[in-house]
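One structure is given here, and the rest of the page talks about it.
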Amino acid sequence: ETELSIDGGGGGVGRRDRTSQPLPFLRRKLTKHVCSVGERLEFTLRINSHLPRPISVNGVRLYLVTLERYERVYRRDSVVAEDDAFRILNLDAPIEIQPGENEFRFGWRPMTVASYVLATVEIQWKEAGFFYDSALLRRPMIGLDVRPSEPTQTIELNPLFLIPGHVQNVRLVFHSGSDIITEGVVRLVCSDGLQVVPPNTDAAGLDGAWGDECVIPLEACGPGKKIVITTLVKSSTVRQPDGGGGEAGGDDDDDAAAASGDGGGGGVQTMEARVETRYRQESYTSVMEEGEEPESEPMSTILEAMVTTLDRPGGGGGGGGGGG
């Protein structure tokens with residue numbers, strides 16, 4: 001008899017971190033433990049032996065199968081084979097199984113976002129292999145819902161505000177945090193009245209380089225790196241169209257704007273910085289060096305910040321981020 005359970009490292013995989021998903025093709029439910037890419041997990045396998053004496057087995061293997069693949073296997077009336085496994089966790093020989101209850105532990109640090117089923121336990125004894133399919137056991141079926149790790153990247157955008165009618169330096173600082181950045185792009189998008197040039201634009205070509213948007217590649221980098229991007233932005237007054245109160249109303253609006261000292265300006269102007277990155281969790285390199293984990297696609301996130309003109313109180317810049 002076999003039984004599987006999951007223990008989480010670090011933050012832990014507790015009861016509140018579980019979801020339940022029906023599997024209509026098996027008429028059963030799958031209990032999925034929620035965890036993040038890079039989180040250290042432990043699987044506990046309990047084997048109850050009814051043999052009168054200890055036995056020494058060649059190996060114990062646990063098959064992890066993606067939920068998508070698992071469904072395809074059982075919809076074609078088949079059973080899980082080695083080729084179906086996304087990852088096989090091994091306990092190497094010699095392994096001794098005593099009469100009664102035995103407990104073994106497998107460790108795994110997932111690097112790929114997906115849903116998985118702890119599908120099959122294989123015990124290799126001499127020339128024979130014994131397979132324990134979770135779909136055929138009375139015990140609850142266990143799975144994993146591996147989600148993207150929380151990005152640790154940040155951005156800073158300075159100055160805190162822009163002065164109308166002036167050309168100013170704008171400085172964006174990107175910090176990789178503990179993430180491994182594989183690629184990225186920075187987009188600077190200006191509202192009406194603001195224009196920006198690409199970094200390192202030659203002074204002779206400055207007049208023809210101004211635009212409402214600028215796209216800057218972000219180079220790949222490792223954890224703890226800082227990338228600084230500096231460019232120029234200029235602000236000019238935006239004259240608003242006449243109000244909707246007829247011809248007289250339009251003149252009144254213009255007069256009121258002039259009297260207010262706004263010069264017909266359109267209020268606060270903004271430049272938004274949007275940084276899109278693809279990244280890996282910090283332990284990716286060390287895990288892949290072991291040569292057992294399949295290659296995975298990088299995760300993605302978006303960081304945003306904004307700087308405004310000083311036309312009205314409350315202008316300012318800042319940084320933030322979000323996972324994806």
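By order in the structure tokens, chains are A, B, ...; within a chain, residues start at 1; ligands start at 1, following the order shown.
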Every residue of stretch 61-270 of chain A that DSSP places in alpha helix (DSSP H), as a PyMOL selection string: chain A and resi 67-75+246-259
Stretch 19-25 of chain A environment, 9 Å, only C-alpha atoms, sequence neighbours closer than 2 positions dropped, as a PyMOL selection string: chain A and resi 16-17+27-34+71+74-75+145
Generate the output file for the selected residues, C-alpha atoms, as a CSV table (one decimal), in the first residue's frame.
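What landed in again09.csv:
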chain,number,residue,atom,x,y,z
A,16,ARG,CA,-5.4,27.2,3.0
A,17,ASP,CA,-3.1,26.9,-0.1
A,27,ARG,CA,-15.0,10.7,-11.9
A,28,ARG,CA,-12.7,11.9,-9.1
A,29,LYS,CA,-11.4,15.1,-7.6
A,30,LEU,CA,-7.9,16.3,-7.6
A,31,THR,CA,-6.6,18.2,-4.6
A,32,LYS,CA,-4.0,20.7,-5.8
A,33,HIS,CA,-1.5,22.3,-3.5
A,34,VAL,CA,-0.6,25.9,-4.6
A,71,GLU,CA,-6.1,14.0,-19.1
A,74,TYR,CA,-6.8,8.7,-19.6
A,75,ARG,CA,-9.2,9.9,-22.3
A,145,ASP,CA,-0.6,24.2,-9.0
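Nearest to A:Asn158 of all the residues A:Asp77, A:Glu272, A:Glu293, A:Asp212 is A:Glu272, based on only C-alpha atoms.
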A:Pro110 environment, 10 Å, only C-alpha atoms, sequence neighbours closer than 5 positions dropped, as a ChimeraX atom specification: /A:35-41,87,144,146-147,284,287,293-294,296
Pick out the residues sitting within 9 Å of stretch 167-172 of chain A, and hand them over as an mmCIF file with N, CA, C and O atoms, in the first residue's frame; count only C-alpha atoms, and ignore anything fewer than 4 positions along from it in its own chain.
data_model
loop_
_atom_site.group_PDB
_atom_site.id
_atom_site.type_symbol
_atom_site.label_atom_id
_atom_site.label_comp_id
_atom_site.auth_asym_id
_atom_site.auth_seq_id
_atom_site.Cartn_x
_atom_site.Cartn_y
_atom_site.Cartn_z
ATOM 1 N N ILE A 155 11.504 49.771 -10.327
ATOM 2 C CA ILE A 155 11.988 50.887 -11.146
ATOM 3 C C ILE A 155 11.826 52.190 -10.378
ATOM 4 O O ILE A 155 10.947 52.320 -9.522
ATOM 5 N N GLU A 156 12.696 53.153 -10.711
ATOM 6 C CA GLU A 156 12.606 54.512 -10.181
ATOM 7 C C GLU A 156 12.617 55.463 -11.371
ATOM 8 O O GLU A 156 13.388 55.279 -12.312
ATOM 9 N N LEU A 157 11.757 56.472 -11.331
ATOM 10 C CA LEU A 157 11.674 57.457 -12.406
ATOM 11 C C LEU A 157 11.840 58.852 -11.815
ATOM 12 O O LEU A 157 11.086 59.252 -10.934
ATOM 13 N N ASN A 158 12.838 59.582 -12.301
ATOM 14 C CA ASN A 158 13.126 60.930 -11.811
ATOM 15 C C ASN A 158 13.305 61.891 -12.989
ATOM 16 O O ASN A 158 13.676 61.462 -14.091
ATOM 17 N N PRO A 159 13.007 63.185 -12.781
ATOM 18 C CA PRO A 159 12.699 63.880 -11.528
ATOM 19 C C PRO A 159 11.273 63.604 -11.058
ATOM 20 O O PRO A 159 10.511 62.921 -11.754
ATOM 21 N N LEU A 162 8.018 67.606 -13.888
ATOM 22 C CA LEU A 162 8.585 68.299 -15.045
ATOM 23 C C LEU A 162 8.111 69.748 -15.034
ATOM 24 O O LEU A 162 6.977 70.039 -14.650
ATOM 25 N N ILE A 163 8.990 70.645 -15.485
ATOM 26 C CA ILE A 163 8.653 72.064 -15.530
ATOM 27 C C ILE A 163 8.147 72.404 -16.924
ATOM 28 O O ILE A 163 8.839 72.172 -17.918
ATOM 29 N N ILE A 227 20.311 48.977 -13.968
ATOM 30 C CA ILE A 227 20.436 49.544 -15.318
ATOM 31 C C ILE A 227 19.861 50.951 -15.278
ATOM 32 O O ILE A 227 18.726 51.160 -14.838
ATOM 33 N N VAL A 228 20.637 51.927 -15.752
ATOM 34 C CA VAL A 228 20.221 53.327 -15.745
ATOM 35 C C VAL A 228 20.007 53.788 -17.179
ATOM 36 O O VAL A 228 20.880 53.618 -18.044
ATOM 37 N N ILE A 229 18.845 54.351 -17.448
ATOM 38 C CA ILE A 229 18.502 54.901 -18.776
ATOM 39 C C ILE A 229 18.211 56.387 -18.598
ATOM 40 O O ILE A 229 17.351 56.765 -17.807
ATOM 41 N N THR A 230 18.930 57.223 -19.336
ATOM 42 C CA THR A 230 18.748 58.671 -19.264
ATOM 43 C C THR A 230 18.403 59.212 -20.638
ATOM 44 O O THR A 230 19.029 58.843 -21.636
ATOM 45 N N THR A 231 17.425 60.077 -20.700
ATOM 46 C CA THR A 231 17.042 60.695 -21.967
ATOM 47 C C THR A 231 16.480 62.089 -21.692
ATOM 48 O O THR A 231 16.475 62.565 -20.553
ATOM 49 N N LEU A 232 15.996 62.753 -22.763
ATOM 50 C CA LEU A 232 15.471 64.110 -22.656
ATOM 51 C C LEU A 232 13.975 64.127 -22.923
ATOM 52 O O LEU A 232 13.464 63.379 -23.761
ATOM 53 N N VAL A 233 13.275 65.004 -22.203
ATOM 54 C CA VAL A 233 11.861 65.222 -22.452
ATOM 55 C C VAL A 233 11.616 66.729 -22.436
ATOM 56 O O VAL A 233 12.249 67.470 -21.686
ATOM 57 N N LYS A 234 10.739 67.181 -23.305
ATOM 58 C CA LYS A 234 10.423 68.609 -23.329
ATOM 59 C C LYS A 234 8.925 68.801 -23.205
ATOM 60 O O LYS A 234 8.124 67.978 -23.659
ATOM 61 N N SER A 235 8.552 69.911 -22.590
ATOM 62 C CA SER A 235 7.158 70.227 -22.333
ATOM 63 C C SER A 235 6.805 71.527 -23.033
ATOM 64 O O SER A 235 7.562 72.495 -23.008
ATOM 65 N N ALA A 273 6.209 55.550 -17.822
ATOM 66 C CA ALA A 273 7.257 54.560 -18.103
ATOM 67 C C ALA A 273 6.679 53.178 -17.842
ATOM 68 O O ALA A 273 6.153 52.906 -16.758
#
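Distances from A:Val113, A:Leu91, A:Ile97, A:Val79 to A:Arg53 were compared using only C-alpha atoms, and the smallest one belongs to A:Ile97.
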